[in-house]
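J.: Take a look at the following structure, please.
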Amino acid sequence: MHETKKQNYLKGAAILAAASIIVKIVSAIYKIPLFNDNVLGDAGAGTFQVTYSIYNLMLAISTAGIPVALSRMVSSASANNEIPLVKRYFSVAMPIFMLIGLVVMAVMFIFADSFAALLRDTKAAPGIRVLAPAVFFVCIISVYRGYAQGFENMIPTAVSQIVEVVCKTIFGIAIALWLVHMGYAQHIVSAGATMGVTLGLGLCIPILIWYKRKIDRRLPAGEGEDELPSRSRVLGRILKVSVPITLSSSFMSIMVVIDNSIVLGRLQYGLNLSELEARQQFGIYTKGLTVYSLPPALVVPVSMSIIPAIAAALARRREGEASSIMQSSVKLVNLIAMPAAAGLMVLASPILVALFNDARQVSATVMIVLGAASFFVSLQYITTAILQSNGHEKVALMTFPIGAFVNIMLGFILVPNPKFGIVGSTIGTLACFVVISAINIVLIMKMVKEKPKFTGAFIKPLICSAIMSAVAYLLYMLVSRLGSGLIGTGRFAVILYLIVAIVVAIAVYFILIIATRTVTKEDMLLVPKGEKLAKLLHIR
């Protein structure tokens with residue numbers, strides 16, 4: 001592979017990964033106090049999740065394909081020095097998706113009560129209305145992010161994500177606490193907490209405008225200004241790429257909405273719970289989702305980065321370079337997602353106590369199943385991105401309805417069973433992403449010419465992750481037993497024991513991936529200062 005190109009890809013992945021880590025940490029800070037019993041509690045957390053499921057659906061419909069479509073098209077055009085075409089892509093995309101954002105915003109605001117009734121949580125309507133303007137803002141933001149990503153510049157996306165989450169946290173917590181102080185009901189407090197999202201997104205727009213102007217000032221004059229396609233033709237190109245991706249993303253969001261509705265309905269009518277009791281059970285699931293989303297969040301930047309990188313390589317007819325990027329991305333995902341998922345599974349109970357002061361067995365069971373699911377969500381992201389970057393958007397679209405069907409059917413069958421209850425929903429989630437990932441891998445092996453070597457990318461990370469998770473579990477049990485007589489078994493003590501176990505387990509994992517040559521000198525040469533780092537760590 002061309003060294004500079006691959007370093008650009010890895011640098012972009014590293015920037016977005018770092019931003020995602022910050023975003024997830026701050027988001028956890030945002031949700032942990034909110035989900036506390038004296039703020040939202042289980043019932044309020046359930047309403048919070050229902051509100052977000054509608055918001056995410058509207059978001060997917062209006063924006064999911066924009067960054068991918070623009071990044072891919074801008075990357076190909078800029079690689080051929082067609083700068084006027086790059087500018088036309090942006091000038092066509094912006095007004096169209098602003099209009100889409102306005103329409104979706106109006107739909108969310110006007111039909112908020114209907115959406116809430118559909119999801120069997122009548123208290124979710126105020127939160128849906130508060131989030132309606134956020135969709136309009138994201139439509140604008142997505143065009144700017146896709147434009148920058150097309151030049152493999154991930155900094156605007158990273159900065160805007162951090163600004164968004166910091167503002168969401170500051171404004172959201174402040175508004176929620178003020179509403180609690182004023183004595184408002186939990187569903188109003190939940191709506192107030194989401195207001196930070198809308199405010200944060202609005203503040204991102206001027207930042208992204210500034211970054212675009214900075215990118216444009218550095219562009220060469222380019223070629224092909226006299227042969228630009230018409231605006232309608234450009235729009236057709238954008239929609240041709242973005243619509244299949246939007247549909248695939250929408251399927252997942254639709255699946256979540258349908259699944260949430262079924263789960264809440266089956267809890268109410270299958271287990272004879274009241275709406276409040278069903279929301280409380282759903283809140284337990286929501287707490288698990290807060291933690292389980294961390295590994296996939298670290299993978300999303302990798303999947304975003306490889307799409308323009310592979311598209312540019314294929315545009316230059318460098319199939320070997322494209323294959324190398326795919327191989328690196330799958331290996332990188334496994335190195336991140338496997339140990340993270342294993343850690344969530346073996347340390348589920350202390351993690352929940354540390355974050356939410358929740359020691360219930362049902363919560364731990366939910367976390368264990370979602371921990372396993374987090375790896376397959378990550379694998380689904382990267383395998384879908386590989387298919388999309390190779391021009392198989394429509395094929396990738398086929399896997400989501402299959403996974404959705406599996407999820408919905410398992411939830412429908414298992415949730416009303418007293419042996420499973422809310423755990424049945426998490427089993428459906430796990431099965432869904434196992435199925436999607438498996439089908440994606442089969443499609444890649446059959447349809448991608450220069451396919452990645454999956455066997456080599458899985459075996460060593462799996463072994464290292466298994467050893468690491470065993471060390472984490474055994475060390476936590478040992479430290480907690482030895483320390484119980486000194487500092488007790490309360491929440492603060494659990495946090496200390498957990499920190500010791502996690503830090504040592506991470507150290508063991510890094511030693512293992514180096515000692516077993518899971519990470520090689522060749523891999524290290526692909527990152528900035530990698531040769532010096534490889535020498536320092538004695539990687540050969």
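Residue numbering restarts at 1 for every chain of the structure tokens, chains are lettered A, B, ... in their displayed order, and ligands are numbered from 1 as they appear.
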Leaving out Val107 (chain A) and any residue of its chain fewer than 6 positions from it, which residues lie within 10 Å of it when counting only C-alpha atoms, given as a CSV table (one decimal) with C-alpha atoms, in the first residue's frame?

T.:
chain,number,residue,atom,x,y,z
A,58,MET,CA,-36.0,10.7,12.0
A,101,GLY,CA,-34.5,18.6,7.6
A,129,ARG,CA,-40.9,17.9,20.3
A,132,ALA,CA,-37.4,18.1,16.5

J.: I'd like the neighbourhood of Thr47 (chain A) as a ChimeraX atom specification, where a residue qualifies if any of its atoms comes within 6 Å (using only C-alpha atoms), though same-chain residues fewer than 3 positions away should be ignored.

T.: /A:44,50,124

J.: Could you turn the residues from that selection into a file that holds C-alpha atoms, as a compact mmCIF listing (two decimals), in the first residue's frame?

T.:
# COMPACT_ATOMS: atom_id res chain seq x y z
CA GLY A 44 -37.52 8.33 33.36
CA VAL A 50 -38.09 5.98 23.79
CA ALA A 124 -42.43 10.69 25.55

J.: Please provide as a ChimeraX atom specification all residues within 10 Å of region 444-460 of chain A, with the sequence filter that same-chain residues fewer than 4 positions apart are discarded (counting only C-alpha atoms).

T.: /A:319-335,338,383-384,386-387,390-392,395-396,439-440,464-466,512-513,516-519

J.: Point out the residue among A:Val263, A:Val135, A:Val377, A:Leu247 with the least atom-to-atom distance to Ala297 (chain A), counting only C-alpha atoms.

T.: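 Nearest candidate to Ala297 (chain A) out of A:Val263, A:Val135, A:Val377, A:Leu247: A:Val377.
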
J.: What separation in Å, quoted to one decimal, exists between CA of Gln149 (chain A) and CA of Ser232 (chain A)?

T.: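 So the two atoms, CA of Gln149 (chain A) and CA of Ser232 (chain A), lie 23.3 Å apart.
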
J.: Please provide as an MDAnalysis selection string all residues within 10 Å of Tyr509 (chain A), with the sequence filter that same-chain residues fewer than 5 positions apart are discarded (counting only C-alpha atoms).

T.: chainID A and resid 335 339 461 464:469 471 503:504 514:515

J.: Store the residues picked out above, limited to C-alpha atoms, as a short mmCIF file (atom, residue, chain, number, x, y, z; two decimals), in the first residue's frame.

T.:
data_model
loop_
_atom_site.label_atom_id
_atom_site.label_comp_id
_atom_site.auth_asym_id
_atom_site.auth_seq_id
_atom_site.Cartn_x
_atom_site.Cartn_y
_atom_site.Cartn_z
CA LEU A 335 -8.31 -5.44 18.57
CA PRO A 339 -11.43 -7.02 24.64
CA PRO A 461 -7.20 -10.96 18.99
CA CYS A 464 -5.56 -12.27 23.72
CA SER A 465 -9.03 -11.00 24.65
CA ALA A 466 -9.95 -14.28 26.36
CA ILE A 467 -6.81 -14.23 28.49
CA MET A 468 -7.30 -10.55 29.33
CA SER A 469 -10.92 -11.06 30.42
CA VAL A 471 -7.27 -11.82 34.30
CA VAL A 503 -5.83 -1.12 34.52
CA VAL A 504 -3.99 -4.41 35.07
CA ILE A 514 2.97 -7.55 21.39
CA ALA A 515 4.37 -10.87 22.67
#

J.: Identify, on the basis of only C-alpha atoms, every residue whose closest approach to Trp210 (chain A) does not exceed 12 Å; exclude the query and any residue fewer than 3 positions from it along the same chain; express the result as an MDAnalysis selection string.

T.: chainID A and resid 144 148 156 159:160 204:207 213:217

J.: Please save N, CA and C atoms of the selected residues as a short mmCIF file (atom, residue, chain, number, x, y, z; two decimals), in the first residue's frame.

T.:
data_model
loop_
_atom_site.label_atom_id
_atom_site.label_comp_id
_atom_site.auth_asym_id
_atom_site.auth_seq_id
_atom_site.Cartn_x
_atom_site.Cartn_y
_atom_site.Cartn_z
N TYR A 144 -21.72 19.28 5.84
CA TYR A 144 -20.38 19.80 6.11
C TYR A 144 -19.42 18.68 6.49
N ALA A 148 -15.96 17.47 4.35
CA ALA A 148 -14.61 17.42 4.94
C ALA A 148 -14.04 16.01 4.90
N PRO A 156 -12.88 18.38 11.42
CA PRO A 156 -14.18 19.06 11.60
C PRO A 156 -15.23 18.16 12.24
N VAL A 159 -14.18 17.71 16.03
CA VAL A 159 -14.38 18.91 16.84
C VAL A 159 -15.87 19.15 17.06
N SER A 160 -16.66 19.02 16.00
CA SER A 160 -18.11 19.28 16.14
C SER A 160 -18.76 18.25 17.06
N CYS A 204 -22.73 23.86 16.72
CA CYS A 204 -21.74 23.22 15.85
C CYS A 204 -21.68 23.84 14.45
N ILE A 205 -22.79 24.39 14.00
CA ILE A 205 -22.88 24.84 12.61
C ILE A 205 -21.86 25.93 12.27
N PRO A 206 -21.73 27.02 13.06
CA PRO A 206 -20.73 28.03 12.70
C PRO A 206 -19.30 27.48 12.71
N ILE A 207 -19.02 26.50 13.55
CA ILE A 207 -17.69 25.89 13.59
C ILE A 207 -17.41 25.16 12.28
N ARG A 213 -14.56 26.76 4.94
CA ARG A 213 -13.86 27.86 4.29
C ARG A 213 -12.35 27.65 4.33
N LYS A 214 -11.86 27.08 5.42
CA LYS A 214 -10.44 26.80 5.55
C LYS A 214 -10.00 25.75 4.53
N ILE A 215 -10.82 24.72 4.33
CA ILE A 215 -10.51 23.68 3.33
C ILE A 215 -10.53 24.28 1.94
N ASP A 216 -11.55 25.09 1.63
CA ASP A 216 -11.70 25.66 0.29
C ASP A 216 -10.54 26.56 -0.09
N ARG A 217 -9.98 27.28 0.89
CA ARG A 217 -8.87 28.18 0.58
C ARG A 217 -7.63 27.42 0.12
#

J.: Could you produce a table of the residues of region 193-220 of chain A lying within 12 Å of region 137-142 of chain A, with the nearest pair of atoms per residue and their separation in Å rounded to one decimal, using only C-alpha atoms, ordered by chain and increasing residue number, as CSV?

T.:
residue,atom,partner,partner_atom,distance
A:Val197,CA,A:Phe137,CA,10.3
A:Thr198,CA,A:Phe137,CA,7.8
A:Leu199,CA,A:Phe137,CA,9.6
A:Gly200,CA,A:Phe137,CA,9.7
A:Leu201,CA,A:Phe137,CA,6.1
A:Gly202,CA,A:Phe137,CA,6.0
A:Leu203,CA,A:Phe137,CA,9.3
A:Cys204,CA,A:Ile141,CA,7.4
A:Ile205,CA,A:Ile141,CA,6.2
A:Pro206,CA,A:Ile141,CA,9.6
A:Ile207,CA,A:Ile141,CA,9.8
A:Leu208,CA,A:Ile141,CA,7.2
A:Ile209,CA,A:Ile141,CA,9.1
A:Tyr211,CA,A:Ile141,CA,11.7
A:Lys212,CA,A:Ile141,CA,11.2

J.: Next, the residues of the selection above should be written as a short mmCIF file (atom, residue, chain, number, x, y, z; two decimals), in the first residue's frame with N, CA and C atoms.

T.:
data_model
loop_
_atom_site.label_atom_id
_atom_site.label_comp_id
_atom_site.auth_asym_id
_atom_site.auth_seq_id
_atom_site.Cartn_x
_atom_site.Cartn_y
_atom_site.Cartn_z
N VAL A 197 -29.17 18.58 23.63
CA VAL A 197 -28.80 18.05 22.32
C VAL A 197 -29.05 19.09 21.24
N THR A 198 -30.23 19.67 21.25
CA THR A 198 -30.59 20.67 20.23
C THR A 198 -29.69 21.89 20.32
N LEU A 199 -29.43 22.37 21.54
CA LEU A 199 -28.56 23.53 21.71
C LEU A 199 -27.14 23.24 21.25
N GLY A 200 -26.62 22.06 21.58
CA GLY A 200 -25.26 21.70 21.19
C GLY A 200 -25.10 21.60 19.69
N LEU A 201 -26.07 21.02 19.01
CA LEU A 201 -26.00 20.89 17.55
C LEU A 201 -26.04 22.25 16.87
N GLY A 202 -26.88 23.14 17.38
CA GLY A 202 -26.95 24.48 16.80
C GLY A 202 -25.62 25.21 16.87
N LEU A 203 -24.88 25.00 17.96
CA LEU A 203 -23.59 25.66 18.12
C LEU A 203 -22.50 25.06 17.25
N CYS A 204 -22.73 23.86 16.72
CA CYS A 204 -21.74 23.22 15.85
C CYS A 204 -21.68 23.84 14.45
N ILE A 205 -22.79 24.39 14.00
CA ILE A 205 -22.88 24.84 12.61
C ILE A 205 -21.86 25.93 12.27
N PRO A 206 -21.73 27.02 13.06
CA PRO A 206 -20.73 28.03 12.70
C PRO A 206 -19.30 27.48 12.71
N ILE A 207 -19.02 26.50 13.55
CA ILE A 207 -17.69 25.89 13.59
C ILE A 207 -17.41 25.16 12.28
N LEU A 208 -18.39 24.42 11.79
CA LEU A 208 -18.21 23.67 10.54
C LEU A 208 -18.13 24.59 9.33
N ILE A 209 -18.85 25.70 9.36
CA ILE A 209 -18.74 26.69 8.27
C ILE A 209 -17.32 27.21 8.19
N TYR A 211 -14.56 25.71 9.18
CA TYR A 211 -13.66 24.66 8.69
C TYR A 211 -13.78 24.49 7.17
N LYS A 212 -15.00 24.58 6.65
CA LYS A 212 -15.16 24.43 5.19
C LYS A 212 -14.44 25.54 4.45
#
